[in-house]
Amino acid sequence: MIRTRDPIVRDVSALCAAAVVVGLSFGAIATAAGLPLSQIVVMSAFVYAGGAQFLAVGLVSAGGTALAIVLAGLLLNARHLPFGLAIGNETLGASRWRRIVGSHILTDESVAFALAQDDPAQRRRAYWLTGVALFVTWNIASTVGAIAGSALGDPNRYGIDAAFPAALLALTLPSLKDSASVRVAVAGAAIALATTPLLPAGLPVLLALLGLAFALPVPGSKRRPS
Amino acid sequence: MSWIAIIVLAAGTYALRFAGPVLRSRLSVSDAVKRYLTLAAVALLAALIGTAALLDGTDFVGVARPAGVVVGAVLAWRKLPFVVVVVAAALTAALLRLAGIQ
């Protein structure tokens, strides 16, 4: 772990340690599925979305068509659009260059880290630190995993599968400031859980947006200060 | 895997990432709308947390992972440092599995 007094750097490095294990595993699994190194490197650099990359490799192994891979991946990544609407250009930065590069490093984690900060300058800093650190980590780890395999084996052995949702939860808690946001969060999670067995991956998470209805003012009720 | 699939997936994913901030800057966003956009992100994050904590594909993932997430959640709620939350969640799940509890 990096020795630092900066809490954001310290927190991001914890997440990067977990991302190393997953990245190594992705490279190793993609190689085992028959993908050449060039495709693994290009996918990690330009698709840069762990969930969609694992899904694509899984579909390749199952004999999925190119169209199926693209549609499934885009459906899974569609949540990035509302995430981008939530953080906006003030989080990416003012310059054109920051908007172009900053968009590419938008992930669940960089958005969650940004939203966990109150002050706009801190928000921007957290977004970029998380985004760049995870991008570099993910690309190096998946390339090493593709070349050398993952000596670490299944990430679940180390509980990495519990670390990521716990990390997102810790980052989301500060946003649950009032009863409306708690209702939206509970409704969103419930909708996604209930619909996951019925719908293709990605759609249940998008349907969670319907949970926003629980933040609407109730007609006829007095507005209470929250 | 076809290169076309990788290139189209990469371009489409980038477009989805790029569109959000651009759309927000094009629209005149009131404070009320800003609040709903933030709440939308909260709903998505909650959905990701819920499904990632409990499901593997469409099946229940077993006890170890949710137990780890619950331990992490309690520590986060008690305002312990983020690093402690993440490590405790991973350690709980890993130790349970080591003990033969999936």
# chains A, B, ... in the order shown; residues from 1 in each chain; ligands from 1

call {"tool": "select_by_dssp", "arguments": {"residues": "region 75-165 of chain A", "states": "helix (DSSP H, G or I)", "output": "VMD selection string"}}
result
chain A and resid 75 to 77 80 to 92 96 to 104 108 to 115 120 to 148 155 to 158 160 to 165

call {"tool": "write_last_selection", "arguments": {"atoms": "C-alpha atoms", "output": "mmCIF file, in the first residue's frame"}}
result
data_model
loop_
_atom_site.group_PDB
_atom_site.id
_atom_site.type_symbol
_atom_site.label_atom_id
_atom_site.label_comp_id
_atom_site.auth_asym_id
_atom_site.auth_seq_id
_atom_site.Cartn_x
_atom_site.Cartn_y
_atom_site.Cartn_z
ATOM 1 C CA LEU A 75 -26.521 -3.035 -23.194
ATOM 2 C CA LEU A 76 -24.271 -3.701 -20.218
ATOM 3 C CA ASN A 77 -22.427 -0.405 -20.772
ATOM 4 C CA HIS A 80 -22.470 4.953 -18.514
ATOM 5 C CA LEU A 81 -24.783 7.470 -20.189
ATOM 6 C CA PRO A 82 -26.855 8.290 -17.084
ATOM 7 C CA PHE A 83 -23.639 8.183 -15.037
ATOM 8 C CA GLY A 84 -22.162 10.829 -17.358
ATOM 9 C CA LEU A 85 -25.320 12.930 -17.036
ATOM 10 C CA ALA A 86 -24.946 12.769 -13.252
ATOM 11 C CA ILE A 87 -21.313 13.879 -13.082
ATOM 12 C CA GLY A 88 -21.279 16.341 -16.009
ATOM 13 C CA ASN A 89 -18.461 18.375 -17.502
ATOM 14 C CA GLU A 90 -17.749 20.129 -14.203
ATOM 15 C CA THR A 91 -16.352 16.812 -12.959
ATOM 16 C CA LEU A 92 -14.399 16.020 -16.127
ATOM 17 C CA ARG A 96 -11.827 19.968 -24.601
ATOM 18 C CA TRP A 97 -8.970 17.543 -24.023
ATOM 19 C CA ARG A 98 -10.190 16.735 -20.497
ATOM 20 C CA ARG A 99 -13.657 16.024 -21.821
ATOM 21 C CA ILE A 100 -12.392 13.684 -24.527
ATOM 22 C CA VAL A 101 -10.005 11.728 -22.275
ATOM 23 C CA GLY A 102 -12.132 12.082 -19.151
ATOM 24 C CA SER A 103 -15.125 10.411 -20.812
ATOM 25 C CA HIS A 104 -13.092 7.289 -21.513
ATOM 26 C CA ASP A 108 -18.730 2.688 -11.841
ATOM 27 C CA GLU A 109 -15.812 3.268 -9.486
ATOM 28 C CA SER A 110 -14.660 6.668 -10.794
ATOM 29 C CA VAL A 111 -18.266 7.926 -10.679
ATOM 30 C CA ALA A 112 -18.766 6.563 -7.164
ATOM 31 C CA PHE A 113 -15.519 8.140 -5.948
ATOM 32 C CA ALA A 114 -16.516 11.492 -7.492
ATOM 33 C CA LEU A 115 -20.027 11.459 -6.028
ATOM 34 C CA PRO A 120 -16.445 20.354 -6.869
ATOM 35 C CA ALA A 121 -12.613 20.590 -6.955
ATOM 36 C CA GLN A 122 -12.265 17.461 -4.798
ATOM 37 C CA ARG A 123 -14.860 15.763 -6.981
ATOM 38 C CA ARG A 124 -12.806 16.428 -10.115
ATOM 39 C CA ARG A 125 -9.623 15.297 -8.408
ATOM 40 C CA ALA A 126 -11.202 12.065 -7.108
ATOM 41 C CA TYR A 127 -12.668 11.289 -10.542
ATOM 42 C CA TRP A 128 -9.378 11.727 -12.373
ATOM 43 C CA LEU A 129 -7.253 9.954 -9.771
ATOM 44 C CA THR A 130 -9.580 6.953 -9.717
ATOM 45 C CA GLY A 131 -10.071 6.932 -13.479
ATOM 46 C CA VAL A 132 -6.405 7.151 -14.452
ATOM 47 C CA ALA A 133 -5.163 4.785 -11.712
ATOM 48 C CA LEU A 134 -7.744 2.120 -12.563
ATOM 49 C CA PHE A 135 -7.133 2.483 -16.308
ATOM 50 C CA VAL A 136 -3.383 1.969 -15.924
ATOM 51 C CA THR A 137 -3.853 -0.869 -13.427
ATOM 52 C CA TRP A 138 -6.455 -2.671 -15.520
ATOM 53 C CA ASN A 139 -4.401 -2.495 -18.716
ATOM 54 C CA ILE A 140 -1.140 -3.644 -17.155
ATOM 55 C CA ALA A 141 -2.815 -6.429 -15.173
ATOM 56 C CA SER A 142 -4.840 -7.817 -18.079
ATOM 57 C CA THR A 143 -1.783 -7.781 -20.362
ATOM 58 C CA VAL A 144 0.358 -9.552 -17.763
ATOM 59 C CA GLY A 145 -2.455 -12.042 -17.164
ATOM 60 C CA ALA A 146 -2.700 -12.722 -20.892
ATOM 61 C CA ILE A 147 1.042 -13.338 -21.235
ATOM 62 C CA ALA A 148 1.905 -15.044 -17.970
ATOM 63 C CA PRO A 155 -10.189 -13.864 -7.683
ATOM 64 C CA ASN A 156 -13.036 -15.196 -5.530
ATOM 65 C CA ARG A 157 -10.465 -17.107 -3.476
ATOM 66 C CA TYR A 158 -9.330 -13.761 -2.086
ATOM 67 C CA ILE A 160 -12.313 -9.821 -4.403
ATOM 68 C CA ASP A 161 -15.919 -10.428 -5.486
ATOM 69 C CA ALA A 162 -17.020 -9.109 -2.066
ATOM 70 C CA ALA A 163 -14.521 -6.235 -2.096
ATOM 71 C CA PHE A 164 -15.987 -4.427 -5.137
ATOM 72 C CA PRO A 165 -19.636 -4.213 -4.008
#

call {"tool": "closest_atom_pairs", "arguments": {"of": "chain B", "to": "chain A", "cutoff": "7 Å", "atoms": "only C-alpha atoms", "output": "tab-separated table"}}
result
residue	atom	partner	partner_atom	distance
B:Met1	CA	A:Val60	CA	6.3
B:Ser2	CA	A:Ala66	CA	6.5
B:Ala5	CA	A:Ala66	CA	5.1
B:Ile6	CA	A:Met43	CA	6.5
B:Val8	CA	A:Val70	CA	6.8
B:Leu9	CA	A:Val70	CA	5.2
B:Ala10	CA	A:Val47	CA	4.2
B:Gly12	CA	A:Leu74	CA	6.6
B:Thr13	CA	A:Leu74	CA	6.3
B:Tyr14	CA	A:His104	CA	6.1
B:Leu16	CA	A:Leu81	CA	5.1
B:Arg17	CA	A:His80	CA	5.3
B:Phe18	CA	A:Ser103	CA	5.1
B:Ala19	CA	A:Leu81	CA	6.2
B:Gly20	CA	A:Gly84	CA	4.0
B:Pro21	CA	A:Gly88	CA	4.2
B:Leu23	CA	A:Leu85	CA	6.9
B:Arg24	CA	A:Leu85	CA	5.5
B:Ser25	CA	A:Asn89	CA	6.8
B:Leu37	CA	A:Ala86	CA	4.8
B:Thr38	CA	A:Ala86	CA	5.0
B:Leu39	CA	A:Ser181	CA	6.4
B:Ala40	CA	A:Leu209	CA	5.8
B:Ala41	CA	A:Phe83	CA	5.6
B:Val42	CA	A:Ala185	CA	6.0
B:Ala43	CA	A:Ala185	CA	4.8
B:Leu44	CA	A:Val205	CA	6.0
B:Ala46	CA	A:Ala189	CA	5.1
B:Ala47	CA	A:Ala189	CA	3.9
B:Leu48	CA	A:Val205	CA	6.5
B:Ile49	CA	A:Pro165	CA	4.9
B:Gly50	CA	A:Ala189	CA	5.3
B:Thr51	CA	A:Leu193	CA	5.8
B:Ala52	CA	A:Pro165	CA	6.0
B:Ala53	CA	A:Pro165	CA	5.9
B:Thr58	CA	A:Pro197	CA	4.9
B:Arg65	CA	A:Ala162	CA	5.0
B:Pro66	CA	A:Ala162	CA	6.9
B:Gly68	CA	A:Ala162	CA	5.5
B:Val69	CA	A:Ala166	CA	4.9
B:Gly72	CA	A:Ala166	CA	5.4
B:Ala73	CA	A:Ala166	CA	6.2
B:Ala76	CA	A:Ala170	CA	5.3
B:Phe82	CA	A:Asp11	CA	6.0
B:Val83	CA	A:Asp11	CA	5.8
B:Val85	CA	A:Ala166	CA	7.0
B:Val86	CA	A:Ala163	CA	5.0
B:Val87	CA	A:Ala163	CA	6.9
B:Ala89	CA	A:Ala163	CA	5.4
B:Ala90	CA	A:Gly159	CA	4.0
B:Leu91	CA	A:Gly159	CA	6.2
B:Ala93	CA	A:Gly159	CA	4.8
B:Ala94	CA	A:Gly159	CA	4.6

call {"tool": "write_last_selection", "arguments": {"atoms": "N, CA and C atoms", "output": "compact mmCIF listing (two decimals), in the first residue's frame"}}
result
# COMPACT_ATOMS: atom_id res chain seq x y z
N MET B 1 -12.28 -14.20 -31.84
CA MET B 1 -13.25 -13.09 -31.75
C MET B 1 -12.97 -12.12 -32.90
N SER B 2 -14.03 -11.57 -33.49
CA SER B 2 -13.79 -10.72 -34.66
C SER B 2 -13.35 -9.32 -34.22
N ALA B 5 -16.18 -6.76 -34.05
CA ALA B 5 -16.95 -6.72 -32.81
C ALA B 5 -16.24 -5.86 -31.76
N ILE B 6 -14.92 -6.04 -31.65
CA ILE B 6 -14.16 -5.27 -30.65
C ILE B 6 -14.21 -3.78 -30.96
N VAL B 8 -16.43 -2.06 -32.83
CA VAL B 8 -17.77 -1.48 -32.67
C VAL B 8 -18.13 -1.36 -31.20
N LEU B 9 -17.78 -2.38 -30.41
CA LEU B 9 -18.05 -2.33 -28.97
C LEU B 9 -17.29 -1.18 -28.32
N ALA B 10 -16.03 -1.00 -28.74
CA ALA B 10 -15.21 0.09 -28.17
C ALA B 10 -15.80 1.45 -28.55
N GLY B 12 -18.89 2.18 -29.55
CA GLY B 12 -20.21 2.36 -28.93
C GLY B 12 -20.10 2.69 -27.46
N THR B 13 -19.19 2.00 -26.76
CA THR B 13 -19.00 2.25 -25.33
C THR B 13 -18.49 3.67 -25.12
N TYR B 14 -17.55 4.11 -25.96
CA TYR B 14 -17.04 5.48 -25.83
C TYR B 14 -18.15 6.49 -26.06
N LEU B 16 -21.31 6.12 -25.50
CA LEU B 16 -22.18 6.14 -24.31
C LEU B 16 -21.55 6.96 -23.19
N ARG B 17 -20.21 6.83 -23.05
CA ARG B 17 -19.52 7.57 -21.99
C ARG B 17 -19.46 9.07 -22.30
N PHE B 18 -19.28 9.39 -23.58
CA PHE B 18 -19.10 10.78 -24.00
C PHE B 18 -20.44 11.53 -23.97
N ALA B 19 -21.53 10.81 -24.26
CA ALA B 19 -22.83 11.46 -24.46
C ALA B 19 -23.35 12.13 -23.19
N GLY B 20 -23.15 11.50 -22.03
CA GLY B 20 -23.73 12.02 -20.79
C GLY B 20 -23.31 13.44 -20.47
N PRO B 21 -22.00 13.67 -20.29
CA PRO B 21 -21.54 15.03 -19.97
C PRO B 21 -21.90 16.05 -21.06
N LEU B 23 -24.52 15.96 -23.18
CA LEU B 23 -25.95 16.25 -23.08
C LEU B 23 -26.23 17.21 -21.92
N ARG B 24 -25.56 16.96 -20.80
CA ARG B 24 -25.80 17.81 -19.63
C ARG B 24 -25.38 19.25 -19.88
N SER B 25 -24.28 19.43 -20.65
CA SER B 25 -23.83 20.79 -20.91
C SER B 25 -24.71 21.49 -21.95
N LEU B 37 -30.63 13.88 -11.37
CA LEU B 37 -29.55 13.21 -12.10
C LEU B 37 -28.59 12.52 -11.11
N THR B 38 -28.33 13.19 -9.99
CA THR B 38 -27.50 12.56 -8.96
C THR B 38 -28.21 11.34 -8.37
N LEU B 39 -29.52 11.50 -8.12
CA LEU B 39 -30.29 10.37 -7.57
C LEU B 39 -30.31 9.20 -8.56
N ALA B 40 -30.31 9.52 -9.87
CA ALA B 40 -30.28 8.45 -10.87
C ALA B 40 -28.99 7.64 -10.72
N ALA B 41 -27.87 8.33 -10.50
CA ALA B 41 -26.61 7.63 -10.29
C ALA B 41 -26.66 6.78 -9.02
N VAL B 42 -27.33 7.30 -7.99
CA VAL B 42 -27.47 6.54 -6.73
C VAL B 42 -28.28 5.26 -6.99
N ALA B 43 -29.36 5.39 -7.79
CA ALA B 43 -30.18 4.21 -8.10
C ALA B 43 -29.36 3.17 -8.86
N LEU B 44 -28.56 3.63 -9.83
CA LEU B 44 -27.72 2.69 -10.62
C LEU B 44 -26.68 2.02 -9.73
N ALA B 46 -26.79 1.58 -6.50
CA ALA B 46 -27.47 0.64 -5.58
C ALA B 46 -27.81 -0.66 -6.30
N ALA B 47 -28.24 -0.54 -7.56
CA ALA B 47 -28.58 -1.73 -8.33
C ALA B 47 -27.33 -2.58 -8.59
N LEU B 48 -26.21 -1.91 -8.91
CA LEU B 48 -24.95 -2.64 -9.13
C LEU B 48 -24.50 -3.32 -7.85
N ILE B 49 -24.61 -2.60 -6.73
CA ILE B 49 -24.18 -3.17 -5.44
C ILE B 49 -25.05 -4.39 -5.10
N GLY B 50 -26.37 -4.22 -5.23
CA GLY B 50 -27.29 -5.30 -4.88
C GLY B 50 -27.06 -6.55 -5.70
N THR B 51 -26.96 -6.37 -7.03
CA THR B 51 -26.79 -7.55 -7.89
C THR B 51 -25.39 -8.14 -7.73
N ALA B 52 -24.37 -7.29 -7.61
CA ALA B 52 -23.01 -7.82 -7.46
C ALA B 52 -22.83 -8.53 -6.12
N ALA B 53 -23.57 -8.08 -5.10
CA ALA B 53 -23.41 -8.68 -3.78
C ALA B 53 -24.13 -10.03 -3.67
N THR B 58 -27.61 -15.19 -12.83
CA THR B 58 -28.98 -15.00 -12.33
C THR B 58 -29.23 -15.83 -11.06
N ARG B 65 -19.95 -14.34 -0.17
CA ARG B 65 -19.83 -12.99 -0.72
C ARG B 65 -20.76 -11.99 -0.02
N PRO B 66 -22.08 -12.29 0.08
CA PRO B 66 -22.94 -11.34 0.80
C PRO B 66 -22.47 -11.09 2.23
N GLY B 68 -19.42 -11.05 3.32
CA GLY B 68 -18.32 -10.09 3.22
C GLY B 68 -18.82 -8.68 2.98
N VAL B 69 -19.82 -8.55 2.10
CA VAL B 69 -20.35 -7.22 1.79
C VAL B 69 -21.04 -6.63 3.02
N GLY B 72 -18.46 -5.35 5.36
CA GLY B 72 -17.97 -4.08 4.82
C GLY B 72 -18.97 -2.96 5.03
N ALA B 73 -20.25 -3.26 4.83
CA ALA B 73 -21.30 -2.25 4.97
C ALA B 73 -21.37 -1.72 6.40
N ALA B 76 -18.41 0.48 7.02
CA ALA B 76 -18.55 1.76 6.31
C ALA B 76 -19.55 2.65 7.03
N PHE B 82 -12.01 3.59 4.38
CA PHE B 82 -12.37 2.85 3.17
C PHE B 82 -11.51 1.59 3.00
N VAL B 83 -10.21 1.74 3.24
CA VAL B 83 -9.31 0.59 3.06
C VAL B 83 -9.72 -0.56 3.99
N VAL B 85 -12.72 -1.15 5.13
CA VAL B 85 -13.98 -1.69 4.61
C VAL B 85 -13.69 -2.72 3.52
N VAL B 86 -12.84 -2.33 2.57
CA VAL B 86 -12.56 -3.19 1.41
C VAL B 86 -11.84 -4.47 1.84
N VAL B 87 -10.82 -4.30 2.68
CA VAL B 87 -10.04 -5.47 3.12
C VAL B 87 -10.90 -6.41 3.97
N ALA B 89 -14.13 -6.82 3.91
CA ALA B 89 -15.12 -7.51 3.07
C ALA B 89 -14.46 -8.69 2.36
N ALA B 90 -13.29 -8.45 1.77
CA ALA B 90 -12.58 -9.51 1.04
C ALA B 90 -12.16 -10.63 1.99
N LEU B 91 -11.63 -10.24 3.13
CA LEU B 91 -11.12 -11.22 4.10
C LEU B 91 -12.25 -12.10 4.63
N ALA B 93 -15.10 -12.90 3.14
CA ALA B 93 -15.52 -13.86 2.11
C ALA B 93 -14.46 -14.94 1.91
N ALA B 94 -13.18 -14.53 1.89
CA ALA B 94 -12.10 -15.48 1.66
C ALA B 94 -12.02 -16.50 2.80

call {"tool": "atom_distance", "arguments": {"atom1": "CA of Gly27 (chain A)", "atom2": "CA of Ala151 (chain A)"}}
result
11.5 Å

call {"tool": "atom_distance", "arguments": {"atom1": "CA of Ser150 (chain A)", "atom2": "CA of Val22 (chain A)"}}
result
9.4 Å

call {"tool": "closest_residue", "arguments": {"among": "B:Val84, B:Thr92, B:Arg35, B:Leu54", "to": "Val71 (chain B)", "atoms": "only C-alpha atoms"}}
result
B:Thr92

call {"tool": "atom_distance", "arguments": {"atom1": "CA of Val33 (chain B)", "atom2": "CA of Trp77 (chain B)"}}
result
28.2 Å
